[in-house]
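Data file: run08.cif. Format and content: mmCIF, C-alpha atoms.
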data_input
loop_
_atom_site.group_PDB
_atom_site.id
_atom_site.type_symbol
_atom_site.label_atom_id
_atom_site.label_comp_id
_atom_site.auth_asym_id
_atom_site.auth_seq_id
_atom_site.Cartn_x
_atom_site.Cartn_y
_atom_site.Cartn_z
ATOM 1 C CA MET A 239 8.425 -4.892 14.520
ATOM 2 C CA SER A 240 12.075 -3.865 14.761
ATOM 3 C CA LEU A 241 12.112 -2.443 11.209
ATOM 4 C CA GLU A 242 15.501 -4.129 10.731
ATOM 5 C CA ASN A 243 14.451 -6.719 8.137
ATOM 6 C CA PRO A 244 16.069 -5.639 4.832
ATOM 7 C CA ARG A 245 12.810 -6.365 2.964
ATOM 8 C CA CYS A 246 10.490 -4.411 5.259
ATOM 9 C CA VAL A 247 8.893 -1.307 3.747
ATOM 10 C CA PHE A 248 10.879 1.015 6.000
ATOM 11 C CA GLN A 249 14.226 -0.383 4.815
ATOM 12 C CA LEU A 250 13.126 -0.427 1.165
ATOM 13 C CA LEU A 251 12.013 3.210 1.327
ATOM 14 C CA LYS A 252 15.200 4.167 3.145
ATOM 15 C CA GLN A 253 17.261 2.526 0.411
ATOM 16 C CA HIS A 254 15.231 4.150 -2.371
ATOM 17 C CA TYR A 255 15.425 7.671 -0.946
ATOM 18 C CA SER A 256 19.106 7.448 0.017
ATOM 19 C CA ARG A 257 20.011 8.529 -3.518
ATOM 20 C CA TYR A 258 18.366 11.922 -3.029
ATOM 21 C CA ASP A 259 21.138 13.967 -1.478
ATOM 22 C CA LEU A 260 20.864 17.729 -1.062
ATOM 23 C CA ASP A 261 22.363 18.485 -4.487
ATOM 24 C CA LYS A 262 19.946 16.164 -6.286
ATOM 25 C CA VAL A 263 16.900 17.534 -4.446
ATOM 26 C CA THR A 264 18.025 21.080 -5.247
ATOM 27 C CA ALA A 265 18.423 20.190 -8.927
ATOM 28 C CA ILE A 266 15.002 18.501 -9.095
ATOM 29 C CA THR A 267 13.013 21.103 -7.178
ATOM 30 C CA GLY A 268 14.898 24.288 -7.975
ATOM 31 C CA THR A 269 14.838 25.133 -4.272
ATOM 32 C CA PRO A 270 18.063 26.672 -2.953
ATOM 33 C CA LYS A 271 20.069 24.460 -0.587
ATOM 34 C CA GLU A 272 19.812 27.021 2.210
ATOM 35 C CA ASP A 273 15.990 26.931 2.055
ATOM 36 C CA LEU A 274 15.899 23.132 1.987
ATOM 37 C CA LEU A 275 18.137 22.989 5.044
ATOM 38 C CA LYS A 276 15.834 25.394 6.909
ATOM 39 C CA VAL A 277 12.828 23.187 6.139
ATOM 40 C CA TYR A 278 14.704 20.012 7.106
ATOM 41 C CA GLU A 279 15.859 21.545 10.382
ATOM 42 C CA ALA A 280 12.393 22.850 11.276
ATOM 43 C CA TYR A 281 10.692 19.546 10.501
ATOM 44 C CA SER A 282 13.301 17.408 12.217
ATOM 45 C CA ALA A 283 13.056 19.586 15.343
ATOM 46 C CA THR A 284 9.683 17.900 15.926
ATOM 47 C CA GLY A 285 11.387 14.520 16.291
ATOM 48 C CA ALA A 286 10.852 14.189 20.016
ATOM 49 C CA PRO A 287 8.202 12.396 22.064
ATOM 50 C CA ASP A 288 6.767 15.694 23.353
ATOM 51 C CA LYS A 289 6.535 17.295 19.905
ATOM 52 C CA ALA A 290 4.548 16.621 16.746
ATOM 53 C CA GLY A 291 5.323 17.468 13.143
ATOM 54 C CA THR A 292 2.793 17.276 10.361
ATOM 55 C CA SER A 293 2.330 18.393 6.777
ATOM 56 C CA MET A 294 -0.727 20.330 5.741
ATOM 57 C CA TYR A 295 -1.710 20.977 2.194
ATOM 58 C CA ALA A 296 -4.310 22.777 0.136
ATOM 59 C CA MET A 297 -5.546 22.688 -3.437
ATOM 60 C CA GLY A 298 -2.176 23.553 -4.935
ATOM 61 C CA TRP A 299 -0.756 20.139 -4.118
ATOM 62 C CA THR A 300 -3.696 18.164 -5.423
ATOM 63 C CA GLN A 301 -4.097 20.153 -8.631
ATOM 64 C CA HIS A 302 -0.447 19.821 -9.628
ATOM 65 C CA SER A 303 0.329 17.553 -12.583
ATOM 66 C CA VAL A 304 1.774 15.032 -10.111
ATOM 67 C CA GLY A 305 -0.577 15.915 -7.261
ATOM 68 C CA VAL A 306 -1.378 12.342 -6.290
ATOM 69 C CA GLN A 307 2.326 11.536 -6.014
ATOM 70 C CA ASN A 308 2.896 14.673 -3.899
ATOM 71 C CA ILE A 309 0.189 13.698 -1.423
ATOM 72 C CA ARG A 310 1.404 10.090 -1.298
ATOM 73 C CA ALA A 311 4.983 11.227 -0.671
ATOM 74 C CA MET A 312 3.959 13.422 2.251
ATOM 75 C CA CYS A 313 1.858 10.606 3.722
ATOM 76 C CA ILE A 314 4.858 8.279 3.536
ATOM 77 C CA ILE A 315 7.125 10.888 5.134
ATOM 78 C CA GLN A 316 4.623 11.429 7.943
ATOM 79 C CA LEU A 317 4.261 7.691 8.591
ATOM 80 C CA LEU A 318 8.013 7.116 8.501
ATOM 81 C CA TRP A 319 8.530 10.039 10.845
ATOM 82 C CA ALA A 320 5.976 8.689 13.309
ATOM 83 C CA THR A 321 7.595 5.260 13.155
ATOM 84 C CA TRP A 322 11.102 6.641 13.601
ATOM 85 C CA VAL A 323 10.171 8.894 16.500
ATOM 86 C CA SER A 324 8.054 6.311 18.289
ATOM 87 C CA PRO A 325 8.214 2.713 16.996
ATOM 88 C CA ALA A 326 5.511 1.704 19.496
ATOM 89 C CA ALA A 327 3.092 4.147 17.867
ATOM 90 C CA ALA A 328 3.420 2.550 14.434
#
Rewrite the structure from the file as structure tokens, please.
Amino acid sequence: MSLENPRCVFQLLKQHYSRYDLDKVTAITGTPKEDLLKVYEAYSATGAPDKAGTSMYAMGWTQHSVGVQNIRAMCIIQLLWATWVSPAAA
């Protein structure tokens, strides 16, 4: 329940995604660093008990060549966010 066990899913995901720094994400996505930072700041601003952040998508995500992976990634981000903001809610 503490999410501290090194083999729990939270820690494994954290370790896996730690390699994706801003430069790497920019290189992979082609999105300018400034735009990524704006998105990160807006989304992380919802990290408070009285706020809620969510990701909404439409057909573009699902019809992409890696659509399933896109949807799965956003689900994981949403679940991790909910767990990080409020461990009791997880």
> Of the residues A:Val263, A:Ser293, A:Gly268, A:Ser303, which is the one nearest to A:Ala280, using only C-alpha atoms?
Replying inline: A:Ser293
> In Å, how far is it from atom CA of A:Pro287 to atom CA of A:Ser256?
Replying inline: 25.1 Å
>> Taking 3 positions as the minimum chain separation for residues in the same chain, which residues sit within 12 Å of A:Trp299 when counting all atoms listed in the file? Answer as a list in words.
In response: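 In the requested form, the answer reads Ser293, Met294, Tyr295, Ala296, His302, Ser303, Val304, Gly305, Val306, Gln307, Asn308, Ile309, Arg310, Ala311 and Met312 of chain A.
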> If we count all atoms listed in the file, what is near A:Thr292 at a cut-off of 9 Å, once residues fewer than 3 positions away on the same chain are taken out, given as a list in words?
Replying inline: Tyr281, Thr284 and Gln316 of chain A
May I have the selected residues written with C-alpha atoms, as a PDB file, keeping the file's coordinate frame?
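Written output follows (again.pdb):
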ATOM      1  CA  TYR A 281      10.692  19.546  10.501  1.00  0.00           C
ATOM      2  CA  THR A 284       9.683  17.900  15.926  1.00  0.00           C
ATOM      3  CA  GLN A 316       4.623  11.429   7.943  1.00  0.00           C
TER       4      GLN A 316
END
> In Å, how far is it from atom CA of A:Lys252 to atom CA of A:Gly298?
Replying inline: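 That distance, rounded to one decimal, is 27.3 Å.
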>> Report, in Å with one decimal, the straight-line distance from atom CA of A:Glu279 to atom CA of A:Leu251.
In response: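 The value is 20.8 Å.
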> Pick from A:Gln253, A:Asp259, A:Ile315, A:Ala283: nearest to A:Lys271, with all atoms listed in the file counted?
Replying inline: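 Using all atoms listed in the file, A:Lys271 sits closest to A:Asp259.
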